[in-house]
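Notes follow the structure.
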Amino acid sequence: MSLGNPAKGMLAAAVLAAAALFAAPASAEIKNLEIIAPANAGGGYDQHARAMQQVLQDHKLASSVQVVNIPGAGGTIGLSQFVTAKKRNPGLMISGLGMIGAILINKSPVSLDQVTPLARLTGEYQPIVVAADSPLKTLDDLVRKFKADPGSVSWGGFAVGSPDHILYGLLVKAIGGDVSKMNYIAAGAGGEMMASVLGGHITVATGGYNEMASQLQAGKLRALAISAPQRLPGIDVPTFKEQGVDVELVNWRAVMAPGNLKASEKQILDDAVSAMVRTDDWKRIAAERGWIDLYLPPDQFAAFVKDERTRIEGVLTELGLVK
């Protein structure tokens, strides 16, 4: 039995190997990738960083991916370290709506002008909720109460200048109220805030829908409105807009690359992230955590960030948080 021409076999193998190499995405070149989560473990920034770590490695889009938590000052400490890092190997940083406010409020010496917007990833629309036994049954009830006596409404949110604070500011502004009279209370996040509203210590609370879903479904909380542009599938909560209040806000999360990247470096990172968000694994993780797919590629995301900064600065200025 003939085994054929060994030289031809070796040539065929070499051709196949070369084809496989050039068919591989450019993002496969990423080695020793560090992703900064500019917050403590467990929060939204950290969850996004670790989801990226898992999917990038599992799909061989990057290797030796490490997540580094650098908490503090609303993410601006992590941003500062990311901007001033000297190393040249690729690195990424998770960012989001909250960082825009933190940069302004903390008068951060570094800004998003010094990084490369790589991709908007996901977002969460926010309901405002009251305890089930609250006398406030509708958004109109809340609006009337605030207009009659602004100090009688306590608005519970994560931190001063956070997306929660911004949402309330947009609401009060939209109803013609005076944002300077808002009684905003930094009530923490998650379970801490839920305990405050259920215990009657604050009038209303807000946060990502997924944080509140179980309490809403159990009938312990009542949602008055949600900040989406239209009703969300499977979520029976009216939007602000359908109730005549022109408010829309998404607490988006994104990934940034270093500033002054070479075009080739940016393309490699872009290829990796765009491939990542198309995987079933990324989509599964997002669905499990209630993240809505809001992917935007670099150029569109950069334009979005510019517009968002202008809008948020205006709200924070009216709230008296930015001079």
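Residue numbering restarts at 1 for every chain of the structure tokens, chains are lettered A, B, ... in their displayed order, and ligands are numbered from 1 as they appear.
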Could you list, with a cut-off of 9 Å and counting only C-alpha atoms, the residues of region 190-259 of chain A near region 169-173 of chain A, each shown with its nearest atom pair and the distance in Å rounded to one decimal, rows sorted by chain and ascending number, as JSON lines?
```
{"residue": "A:Phe240", "atom": "CA", "partner": "A:Leu171", "partner_atom": "CA", "distance": 8.6}
{"residue": "A:Val245", "atom": "CA", "partner": "A:Leu171", "partner_atom": "CA", "distance": 7.4}
{"residue": "A:Asp246", "atom": "CA", "partner": "A:Leu171", "partner_atom": "CA", "distance": 7.9}
{"residue": "A:Val247", "atom": "CA", "partner": "A:Leu171", "partner_atom": "CA", "distance": 6.2}
{"residue": "A:Glu248", "atom": "CA", "partner": "A:Leu170", "partner_atom": "CA", "distance": 8.3}
{"residue": "A:Leu249", "atom": "CA", "partner": "A:Leu170", "partner_atom": "CA", "distance": 8.7}
```
Give the helix (DSSP H, G or I) residues of region 122-319 of chain A, as assigned by DSSP on the backbone, as a PyMOL selection string. chain A and resi 139-148+150-152+163-174+179-181+191-198+209-217+241-243+263-277+280-289+298-318
Test item: residues at most 8 Å from region 228-231 of chain A, only C-alpha atoms, excluding those fewer than 6 positions along its chain, as number ranges by chain: A: 125-126, 237-242, 248-250
At most 12 Å is the cut-off: for each residue in region 233-297 of chain A with any atom that close to an atom of region 60-66 of chain A, write down the nearest atom pair and the distance in Å rounded to one decimal, counting only C-alpha atoms, chain first then increasing number, as CSV.
```
residue,atom,partner,partner_atom,distance
A:Ile268,CA,A:Leu61,CA,9.8
A:Leu269,CA,A:Leu61,CA,9.5
A:Asp270,CA,A:Leu61,CA,11.0
A:Asp271,CA,A:Leu61,CA,8.8
A:Ala272,CA,A:Leu61,CA,5.7
A:Val273,CA,A:Leu61,CA,8.4
A:Ser274,CA,A:Leu61,CA,10.3
A:Ala275,CA,A:Leu61,CA,7.9
A:Met276,CA,A:Leu61,CA,7.6
A:Val277,CA,A:Leu61,CA,11.4
A:Thr279,CA,A:Leu61,CA,11.1
```
For Val143 (chain A), which residue among A:Thr206, A:Gly244, A:Glu265, A:Arg278 is the nearest when counting only C-alpha atoms?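 Going through A:Thr206, A:Gly244, A:Glu265, A:Arg278 one by one, the smallest distance to Val143 (chain A) is for A:Gly244.
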Which is closest to Val55 (chain A) among A:Glu288, A:Glu313, A:Asp307, A:Asp281, if we use only C-alpha atoms?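 Looking only at the distances to Val55 (chain A), the closest residue turns out to be A:Asp281.
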Expressed in Å to a single decimal, how great is the separation between CA of Asp58 (chain A) and CA of Trp252 (chain A)?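 Separating CA of Asp58 (chain A) from CA of Trp252 (chain A) is a distance of 24.6 Å.
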Run DSSP on the backbone and grab whatever in region 105-276 of chain A lands in strand (DSSP E); send it over as a PyMOL selection string. chain A and resi 115-125+127-131+154-157+183-186+204-206+221-226+250-258
Output C-alpha atoms for every residue in the selection just made, as a PDB file, in the first residue's frame.
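For reference, again_27.pdb as written:
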```pdb
ATOM      1  CA  VAL A 115      -8.206  57.126  27.376  1.00  0.00           C
ATOM      2  CA  THR A 116      -9.538  55.513  24.205  1.00  0.00           C
ATOM      3  CA  PRO A 117     -13.249  54.633  24.289  1.00  0.00           C
ATOM      4  CA  LEU A 118     -13.254  51.044  23.036  1.00  0.00           C
ATOM      5  CA  ALA A 119     -16.797  49.763  23.442  1.00  0.00           C
ATOM      6  CA  ARG A 120     -20.013  50.388  25.283  1.00  0.00           C
ATOM      7  CA  LEU A 121     -21.028  46.960  26.530  1.00  0.00           C
ATOM      8  CA  THR A 122     -24.254  46.827  28.516  1.00  0.00           C
ATOM      9  CA  GLY A 123     -26.710  48.891  30.443  1.00  0.00           C
ATOM     10  CA  GLU A 124     -29.338  48.698  33.128  1.00  0.00           C
ATOM     11  CA  TYR A 125     -32.481  50.793  33.153  1.00  0.00           C
ATOM     12  CA  PRO A 127     -36.956  51.753  38.212  1.00  0.00           C
ATOM     13  CA  ILE A 128     -37.879  54.021  41.072  1.00  0.00           C
ATOM     14  CA  VAL A 129     -39.615  52.028  43.781  1.00  0.00           C
ATOM     15  CA  VAL A 130     -41.532  52.457  47.004  1.00  0.00           C
ATOM     16  CA  ALA A 131     -42.499  49.990  49.694  1.00  0.00           C
ATOM     17  CA  SER A 154     -36.475  61.511  50.587  1.00  0.00           C
ATOM     18  CA  TRP A 155     -34.716  60.140  47.528  1.00  0.00           C
ATOM     19  CA  GLY A 156     -32.486  57.168  48.352  1.00  0.00           C
ATOM     20  CA  GLY A 157     -29.517  56.388  46.145  1.00  0.00           C
ATOM     21  CA  ASN A 183     -33.744  65.658  49.931  1.00  0.00           C
ATOM     22  CA  TYR A 184     -31.239  63.167  48.539  1.00  0.00           C
ATOM     23  CA  ILE A 185     -29.937  60.492  50.908  1.00  0.00           C
ATOM     24  CA  ALA A 186     -26.898  58.354  50.124  1.00  0.00           C
ATOM     25  CA  VAL A 204     -38.210  56.121  47.191  1.00  0.00           C
ATOM     26  CA  ALA A 205     -35.236  54.073  46.056  1.00  0.00           C
ATOM     27  CA  THR A 206     -33.635  53.227  42.744  1.00  0.00           C
ATOM     28  CA  LEU A 221     -41.835  46.758  46.519  1.00  0.00           C
ATOM     29  CA  ARG A 222     -43.892  48.723  44.000  1.00  0.00           C
ATOM     30  CA  ALA A 223     -42.255  50.239  40.913  1.00  0.00           C
ATOM     31  CA  LEU A 224     -43.641  53.624  39.907  1.00  0.00           C
ATOM     32  CA  ALA A 225     -41.668  54.033  36.670  1.00  0.00           C
ATOM     33  CA  ILE A 226     -38.592  52.832  34.831  1.00  0.00           C
ATOM     34  CA  VAL A 250     -29.371  53.975  31.224  1.00  0.00           C
ATOM     35  CA  ASN A 251     -26.632  53.072  33.674  1.00  0.00           C
ATOM     36  CA  TRP A 252     -24.205  51.909  30.996  1.00  0.00           C
ATOM     37  CA  ARG A 253     -20.967  49.999  31.462  1.00  0.00           C
ATOM     38  CA  ALA A 254     -18.106  50.090  29.011  1.00  0.00           C
ATOM     39  CA  VAL A 255     -14.488  49.230  28.399  1.00  0.00           C
ATOM     40  CA  MET A 256     -11.711  51.747  27.798  1.00  0.00           C
ATOM     41  CA  ALA A 257      -8.263  51.266  26.265  1.00  0.00           C
ATOM     42  CA  PRO A 258      -5.142  53.357  26.914  1.00  0.00           C
TER      43      PRO A 258
END
```
Selected residue, from A:Ala302, A:Ala148, A:Leu136, A:Leu261, that lies nearest to Asp113 (chain A) when counting only C-alpha atoms: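 For Asp113 (chain A), the nearest of the given residues is A:Ala302.
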Excluding same-chain residues fewer than 6 positions from Gly320 (chain A), what lies within 10 Å of it counting only C-alpha atoms, as a ChimeraX atom specification? /A:105,179-180,314
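Distances here use only C-alpha atoms; by that measure, the residue among A:Ala41, A:Ile30, A:Ala174, A:Ile312 closest to Gln267 (chain A) is A:Ile30.
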Distance in Å - CA of Ala51 (chain A) versus CA of Val67 (chain A):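 Atom-to-atom, CA of Ala51 (chain A) to CA of Val67 (chain A), that is 10.1 Å.
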Length of the CA of Gly44 (chain A) to CA of Ala287 (chain A) vector [Å]: 14.3 Å
Using only C-alpha atoms, which protein or nucleic acid residues come within 10 Å of Phe158 (chain A)? Drop anything in the same chain fewer than 5 positions from it, and give the result as a list in words.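 Once the adjacent positions are removed, what remains is Pro163, Asp164, His165, Ile185, Ala186, Ala187, Gly188, Ala189, Gly190, Glu192, Met193, Ala205, Thr206 and Gly207 of chain A.
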